[in-house]
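One structure below.
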Amino acid sequence: MESFSFKYPATKNISQRAHIGVVGSGDLEILISPSEIDQTEFVIRTASDGFKQTWKAVFDRFTALNDFKAVITINDFGATPGVVSLRLAQVIEIANQN
Amino acid sequence: MQNSFVELKGRERALALLDKGSFTELLGPFDGMESPHLAPQGIVPESDDGMIIAKGTIGGQSAVILSIEGAFQGGGIGEVCGTKISASLELALKDNKNGKKVIPVIIFDTGGVRLQEANYGLLIISEIQSAIVALREYVPVIGLIPGNVGSFGGMSITAALCSELIMTNVARFGLNGPEVIEQEAGVQEFNSRDRRLIWDTIGGNARFETGLVDQLVKDDIDEFKKAILKAVDKKKAVPRTQQIGRFLSLVNQLDPSKRNSKQDIIKLLETQIKETPAIADAKTPSRGRTWFKQFTQNADSVSDFPSVLVADISFFDQPTRFIAVVPNASNRFPRAAHGEVGLQEGWVLAKYIRQAIEEDAGKEIKRNIVAVIDVPSQAYGYNEELAGIHYACAASADAYASARLAGHSVTGIIVGNAISGAFLAHGLQSSRLIALNDKAINVQAMSKQSAARITKRSIAELEEATRKVPAMAYDIHNYYSLGALDLLIDGVNADDPTPENVKEVSLKLIEAVNAGDRTLSRRLQTEPAVSKGRVSSIKVREKLAKQWN
């Protein structure tokens, strides 16, 4: 297991906290909570060691398209970057529902 | 598949069953109650520890759904997720006692004990079982086994205690998983790659045909809802785990020397016999036998079955029934010849515990019940799975829990090994547990070989993990640190006790017997429990009680 975090500057609020996914084979769970600080913070624990750069690439892309002041907690059990991006899109959608 | 229930995740299953808009989750992902025991072993935890507690209504009826997430760690029961179940059931019991009807629905999708938190799993599963036995008197406890993981291990003993079990034909329901039986008993006993064999033994169809589950439903959300409502409306029936005569008759007629089929089981259940087969008694020595003899001063066992010793004596002037499971090299069931709790032993334990309850009903002084614990495991075998060994273990756990509820003092003394389903059946329903402080004693959920195979680790890796997580360890000291024991008794020769040893242990034992409570709550109150062993359990219980209403 590896743990790390990344921070990106952010300006917009999300409507509510949200949760998606399961820490099951090839999947992950994501928790998103609103933050007072002007940043998107990703906090990751992953079962697959040695992929920090891949995570960074996924978040670089995500934050280039999304601007949210939030803490995003990820518990990963071997999800591929495609699954990670899909889950991020899903959780953002729920977090911005009214 | 359209409207499939099986394909849903744990949380979605709860959502699907509850009336629209009624779903309220307790101790959800944002409540920060994950397992503290996984990260130290390099395993990523889940925010809800794989257990969803959802309150709401089903067809307008108040219900609490306890849905196990099978995709997380195989639905294995650890400290946090297990306590989420036991604490919910206890709160539901309180509501129902106070006239507020709440139907508990447990969705079983579980391999049993989470081997990474092994002894926590065993302990807390016994607490869940205790709650079900109490709750079942007030309201039907409904169990669903939809499938994916199915239900195995200690949680199958738990499922066997439910008032009503609803299953699909894509689910499996057994005590020992096929891989574990193969590991413990050999490929001739059970070939874990033979899918046909597996489904004919523990599959939903087989279980329904042999009458070990109540309803077989199609994999469809509405079918599950209908089945639950049907269960709620059913008249209260005698639970299977209390149909001792019927199942003992089956076990007594079963020929262990052949590979029986489900048709054999169905046929044998149709013919009820009262006689007990003649069983040779090899009087195989064991610690359990030694200590049973010492405590009862060589009293004759009243049991018709040589592998279960039962004697009523006056222990410090109090009527006391001592019970031990002992090896019998001549056991009719070869897989239970070494002191294991097998089909026979489980139902026989139940018989003699219930006998004490019935004989003492209405009496002011109920005899004490003492379990002398030295059990190497449950029996691993094909015939055992086929004939529902999880029901045999559940019958015994049910009887011990019922004895407590009826007012008997139930105490366990660990003199030898206390392993897995056998410990759940014989020992873990004691309100007080004490143990000899002896290096040879093992307390665990599974042998090292099997645990390594199932968790895909080497024995060396497993042993490394036990150094970080006491619940993974096999020795009695680490077990004591969880808070489950009242006392460790030092300086006793466990194999060949001196008269002084016996006297000292007897004094400690009567102290535990007289401690007076009739619940399992002591385990959360001992010094080791409060300071370290059960800190998470206590936190889960406090938080849940606040959120419950």
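To be explicit about the labels: the chains of the structure tokens are called A, B, and onward in the order shown, and within each one the residues are counted from 1, while ligands get numbers from 1 in the order they are shown.
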Kindly provide the residues of chain B that approach chain A to within 7 Å, each paired with its closest atom pair and their distance in Å to one decimal, based on only C-alpha atoms, listed by chain and increasing number, as CSV.
```
residue,atom,partner,partner_atom,distance
B:Gly42,CA,A:Met1,CA,4.8
B:Ile43,CA,A:Met1,CA,6.2
B:Val44,CA,A:Ala47,CA,6.0
B:Pro45,CA,A:Asn75,CA,7.0
B:Glu46,CA,A:Val23,CA,5.9
B:Ala71,CA,A:Gly24,CA,4.8
B:Phe72,CA,A:Gly24,CA,4.9
```
*Write out as number ranges by chain the residues lying within 12 Å of Val105 (chain B), counting only C-alpha atoms and excluding same-chain residues fewer than 2 positions away.*
B: 13-14, 17-18, 52-58, 61-68, 85, 88-89, 92, 102-103, 107-108, 132, 135-136, 139-145, 159, 162-166, 224-225, 227-229, 231-232
Preceding selection exported with N, CA and C atoms as a compact mmCIF listing (two decimals), in the first residue's frame:
```txt
# COMPACT_ATOMS: atom_id res chain seq x y z
N ARG B 13 -28.05 -2.32 -2.88
CA ARG B 13 -29.00 -3.36 -2.49
C ARG B 13 -29.95 -2.82 -1.41
N ALA B 14 -29.38 -2.11 -0.44
CA ALA B 14 -30.21 -1.55 0.63
C ALA B 14 -31.18 -0.52 0.05
N LEU B 17 -34.13 -2.18 -1.77
CA LEU B 17 -35.15 -2.86 -0.97
C LEU B 17 -36.06 -1.89 -0.22
N LEU B 18 -35.49 -0.74 0.18
CA LEU B 18 -36.28 0.19 1.00
C LEU B 18 -37.21 1.02 0.14
N ILE B 52 -23.00 -1.66 5.33
CA ILE B 52 -23.96 -0.56 5.17
C ILE B 52 -25.13 -0.78 6.12
N ILE B 53 -25.36 0.18 7.01
CA ILE B 53 -26.53 0.15 7.89
C ILE B 53 -27.54 1.13 7.33
N ALA B 54 -28.70 0.65 6.92
CA ALA B 54 -29.69 1.55 6.34
C ALA B 54 -31.03 1.35 7.04
N LYS B 55 -31.56 2.45 7.57
CA LYS B 55 -32.90 2.39 8.15
C LYS B 55 -33.89 2.95 7.14
N GLY B 56 -35.14 2.48 7.25
CA GLY B 56 -36.17 2.94 6.34
C GLY B 56 -37.39 2.07 6.47
N THR B 57 -38.19 2.01 5.41
CA THR B 57 -39.37 1.15 5.45
C THR B 57 -39.39 0.22 4.25
N ILE B 58 -39.97 -0.97 4.47
CA ILE B 58 -40.20 -1.91 3.37
C ILE B 58 -41.70 -2.17 3.35
N GLN B 61 -43.38 -0.89 6.39
CA GLN B 61 -42.95 -1.45 7.68
C GLN B 61 -41.52 -0.99 8.02
N SER B 62 -41.33 -0.48 9.23
CA SER B 62 -39.98 -0.04 9.64
C SER B 62 -39.00 -1.20 9.57
N ALA B 63 -37.83 -0.93 9.04
CA ALA B 63 -36.82 -1.99 8.90
C ALA B 63 -35.43 -1.40 9.03
N VAL B 64 -34.50 -2.26 9.40
CA VAL B 64 -33.09 -1.87 9.31
C VAL B 64 -32.39 -2.92 8.46
N ILE B 65 -31.71 -2.45 7.44
CA ILE B 65 -31.01 -3.37 6.55
C ILE B 65 -29.52 -3.33 6.87
N LEU B 66 -28.95 -4.49 7.08
CA LEU B 66 -27.52 -4.62 7.33
C LEU B 66 -26.94 -5.32 6.13
N SER B 67 -26.31 -4.54 5.27
CA SER B 67 -25.87 -5.08 3.99
C SER B 67 -24.35 -5.19 3.94
N ILE B 68 -23.87 -6.41 3.80
CA ILE B 68 -22.43 -6.63 3.76
C ILE B 68 -21.93 -6.44 2.33
N ILE B 85 -22.92 -4.49 12.77
CA ILE B 85 -24.07 -5.42 12.73
C ILE B 85 -24.57 -5.70 14.15
N SER B 88 -26.26 -2.71 15.80
CA SER B 88 -27.56 -2.41 15.17
C SER B 88 -28.62 -3.38 15.66
N LEU B 89 -28.26 -4.67 15.71
CA LEU B 89 -29.22 -5.68 16.14
C LEU B 89 -29.63 -5.45 17.60
N ALA B 92 -32.00 -2.59 17.62
CA ALA B 92 -33.29 -3.04 17.09
C ALA B 92 -34.02 -3.87 18.14
N VAL B 102 -39.36 -3.09 14.47
CA VAL B 102 -38.35 -2.83 13.42
C VAL B 102 -37.89 -4.19 12.92
N ILE B 103 -38.04 -4.41 11.62
CA ILE B 103 -37.65 -5.70 11.04
C ILE B 103 -36.18 -5.66 10.62
N ILE B 107 -28.16 -8.82 4.84
CA ILE B 107 -27.78 -9.31 3.52
C ILE B 107 -26.39 -9.94 3.63
N PHE B 108 -26.37 -11.25 3.56
CA PHE B 108 -25.12 -12.01 3.70
C PHE B 108 -24.40 -12.07 2.35
N ILE B 132 -29.09 -12.08 17.56
CA ILE B 132 -30.14 -12.67 16.72
C ILE B 132 -31.04 -13.58 17.55
N LEU B 135 -33.31 -11.40 19.55
CA LEU B 135 -34.21 -10.62 18.69
C LEU B 135 -35.30 -11.47 18.07
N ARG B 136 -34.95 -12.70 17.72
CA ARG B 136 -35.85 -13.62 17.03
C ARG B 136 -37.13 -13.89 17.83
N VAL B 139 -39.34 -10.57 16.76
CA VAL B 139 -39.57 -10.15 15.39
C VAL B 139 -38.79 -11.10 14.47
N PRO B 140 -39.31 -11.39 13.28
CA PRO B 140 -38.51 -12.27 12.42
C PRO B 140 -37.19 -11.60 11.99
N VAL B 141 -36.12 -12.32 12.13
CA VAL B 141 -34.82 -11.83 11.64
C VAL B 141 -34.63 -12.46 10.25
N ILE B 142 -34.60 -11.61 9.24
CA ILE B 142 -34.62 -12.11 7.87
C ILE B 142 -33.23 -12.05 7.26
N GLY B 143 -32.78 -13.14 6.70
CA GLY B 143 -31.47 -13.19 6.07
C GLY B 143 -31.61 -13.39 4.56
N LEU B 144 -30.84 -12.62 3.79
CA LEU B 144 -30.80 -12.81 2.34
C LEU B 144 -29.42 -13.30 1.96
N ILE B 145 -29.39 -14.31 1.09
CA ILE B 145 -28.10 -14.74 0.53
C ILE B 145 -28.23 -14.64 -0.99
N ALA B 159 -26.15 -16.99 9.75
CA ALA B 159 -27.31 -17.05 8.85
C ALA B 159 -28.26 -18.16 9.28
N CYS B 162 -31.10 -17.26 11.54
CA CYS B 162 -32.17 -16.34 11.12
C CYS B 162 -33.53 -17.05 11.12
N SER B 163 -34.60 -16.27 11.31
CA SER B 163 -35.95 -16.83 11.29
C SER B 163 -36.31 -17.29 9.89
N GLU B 164 -35.84 -16.56 8.90
CA GLU B 164 -36.19 -16.87 7.51
C GLU B 164 -34.96 -16.60 6.64
N LEU B 165 -34.66 -17.55 5.75
CA LEU B 165 -33.53 -17.34 4.83
C LEU B 165 -34.04 -17.35 3.40
N ILE B 166 -33.62 -16.34 2.66
CA ILE B 166 -34.05 -16.18 1.27
C ILE B 166 -32.79 -16.22 0.40
N PHE B 224 -37.25 -10.21 -4.37
CA PHE B 224 -36.68 -10.12 -3.02
C PHE B 224 -37.60 -9.36 -2.08
N LYS B 225 -38.15 -8.24 -2.57
CA LYS B 225 -39.07 -7.45 -1.73
C LYS B 225 -40.27 -8.30 -1.33
N ALA B 227 -40.52 -11.51 -1.19
CA ALA B 227 -40.11 -12.59 -0.28
C ALA B 227 -39.95 -12.06 1.14
N ILE B 228 -39.42 -10.84 1.28
CA ILE B 228 -39.24 -10.25 2.62
C ILE B 228 -40.61 -10.02 3.26
N LEU B 229 -41.55 -9.46 2.50
CA LEU B 229 -42.88 -9.19 3.05
C LEU B 229 -43.59 -10.49 3.42
N ALA B 231 -42.11 -13.16 4.42
CA ALA B 231 -41.46 -13.61 5.66
C ALA B 231 -42.00 -12.86 6.87
N VAL B 232 -42.23 -11.56 6.69
CA VAL B 232 -42.74 -10.73 7.80
C VAL B 232 -44.12 -11.22 8.23
```
*asked:* Which residues are close to Glu364 (chain B), i.e. within 12 Å by only C-alpha atoms, leaving aside same-chain residues fewer than 2 positions away? Reply as a ChimeraX atom specification.
replied: /B:359-362,366-367,406-408
*Residues at most 8 Å from region 304-318 of chain B, counting only C-alpha atoms, excluding those fewer than 2 positions away in the same chain, as a VMD selection string?*
chain B and resid 276 279 to 281 283 292 296 299 to 302 320 to 328 331 339 345 348 to 349 352 367 to 368 510
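The helix (DSSP H, G or I) portion of chain A consists of Lys52, Gln53, Thr54, Trp55, Lys56, Ala57, Val58, Phe59, Asp60, Arg61, Phe62, Thr63, Ala64, Leu65, Pro81, Gly82, Val83, Val84, Ser85, Leu86, Arg87, Leu88, Ala89, Gln90, Val91, Ile92, Glu93, Ile94 and Ala95 of chain A, with states taken from DSSP on the backbone.
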_Atom pair CA of Ser537 (chain B) / CA of Ser430 (chain B): separation (Å)_ =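 Those two atoms sit 18.7 Å apart.
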*asked:* If I take CA of Gln444 (chain B) and CA of Val251 (chain B), how far is one from the other in Å, to one decimal?
replied: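 Here the two named atoms are 27.4 Å from each other.
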_Backbone-only DSSP, strand (DSSP E) members of chain A, as number ranges by chain_ = A: 2-9, 18-21, 28-34, 39-46, 70-76
*Could you check which of B:Glu7, B:Gly99, B:Glu182, B:Pro146 is closest to Arg453 (chain B), using only C-alpha atoms?*
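Smallest distance to Arg453 (chain B) is found for B:Glu182.
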*In Å, with one decimal, what is the gap from CA of Asp48 (chain B) to CA of Glu542 (chain B)?*
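Value for the CA of Asp48 (chain B)-CA of Glu542 (chain B) distance: 15.9 Å.
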*Write out as a PyMOL selection string each polymer residue whose atoms come within 12 Å of region 35-40 of chain A, counting only C-alpha atoms; drop sequence neighbours fewer than 3 positions from it.*
chain A and resi 5-17+32+43+59-60+62-64+66-73
What does the file look like for those residues with C-alpha atoms, as an mmCIF file, in the first residue's frame?
```
data_model
loop_
_atom_site.group_PDB
_atom_site.id
_atom_site.type_symbol
_atom_site.label_atom_id
_atom_site.label_comp_id
_atom_site.auth_asym_id
_atom_site.auth_seq_id
_atom_site.Cartn_x
_atom_site.Cartn_y
_atom_site.Cartn_z
ATOM 1 C CA SER A 5 -1.487 13.535 -1.682
ATOM 2 C CA PHE A 6 -1.570 16.274 -4.334
ATOM 3 C CA LYS A 7 -2.805 19.855 -4.158
ATOM 4 C CA TYR A 8 -4.030 22.108 -6.970
ATOM 5 C CA PRO A 9 -5.293 25.709 -6.734
ATOM 6 C CA ALA A 10 -9.096 26.067 -6.981
ATOM 7 C CA THR A 11 -11.791 28.756 -6.689
ATOM 8 C CA LYS A 12 -15.328 27.307 -7.004
ATOM 9 C CA ASN A 13 -17.492 25.650 -4.340
ATOM 10 C CA ILE A 14 -19.234 22.309 -4.664
ATOM 11 C CA SER A 15 -22.868 21.951 -3.494
ATOM 12 C CA GLN A 16 -22.454 18.985 -1.161
ATOM 13 C CA ARG A 17 -20.254 16.102 -0.128
ATOM 14 C CA ILE A 32 -15.496 14.398 -1.899
ATOM 15 C CA VAL A 43 -5.538 12.165 -0.605
ATOM 16 C CA PHE A 59 -5.286 14.644 -11.549
ATOM 17 C CA ASP A 60 -3.440 17.123 -13.797
ATOM 18 C CA PHE A 62 -8.928 16.415 -14.072
ATOM 19 C CA THR A 63 -8.007 19.764 -12.540
ATOM 20 C CA ALA A 64 -7.346 21.261 -15.971
ATOM 21 C CA ASN A 66 -12.547 21.021 -13.237
ATOM 22 C CA ASP A 67 -12.219 23.761 -10.647
ATOM 23 C CA PHE A 68 -13.504 22.737 -7.194
ATOM 24 C CA LYS A 69 -12.520 23.675 -3.657
ATOM 25 C CA ALA A 70 -12.664 20.240 -2.154
ATOM 26 C CA VAL A 71 -10.903 17.415 -0.377
ATOM 27 C CA ILE A 72 -11.061 14.277 -2.490
ATOM 28 C CA THR A 73 -10.209 11.111 -0.584
#
```
*Could you check which of B:Leu482, B:Val170, B:Leu424, B:Val513 is closest to Gly153 (chain B), using only C-alpha atoms?*
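For Gly153 (chain B), the nearest of the given residues is B:Leu424.
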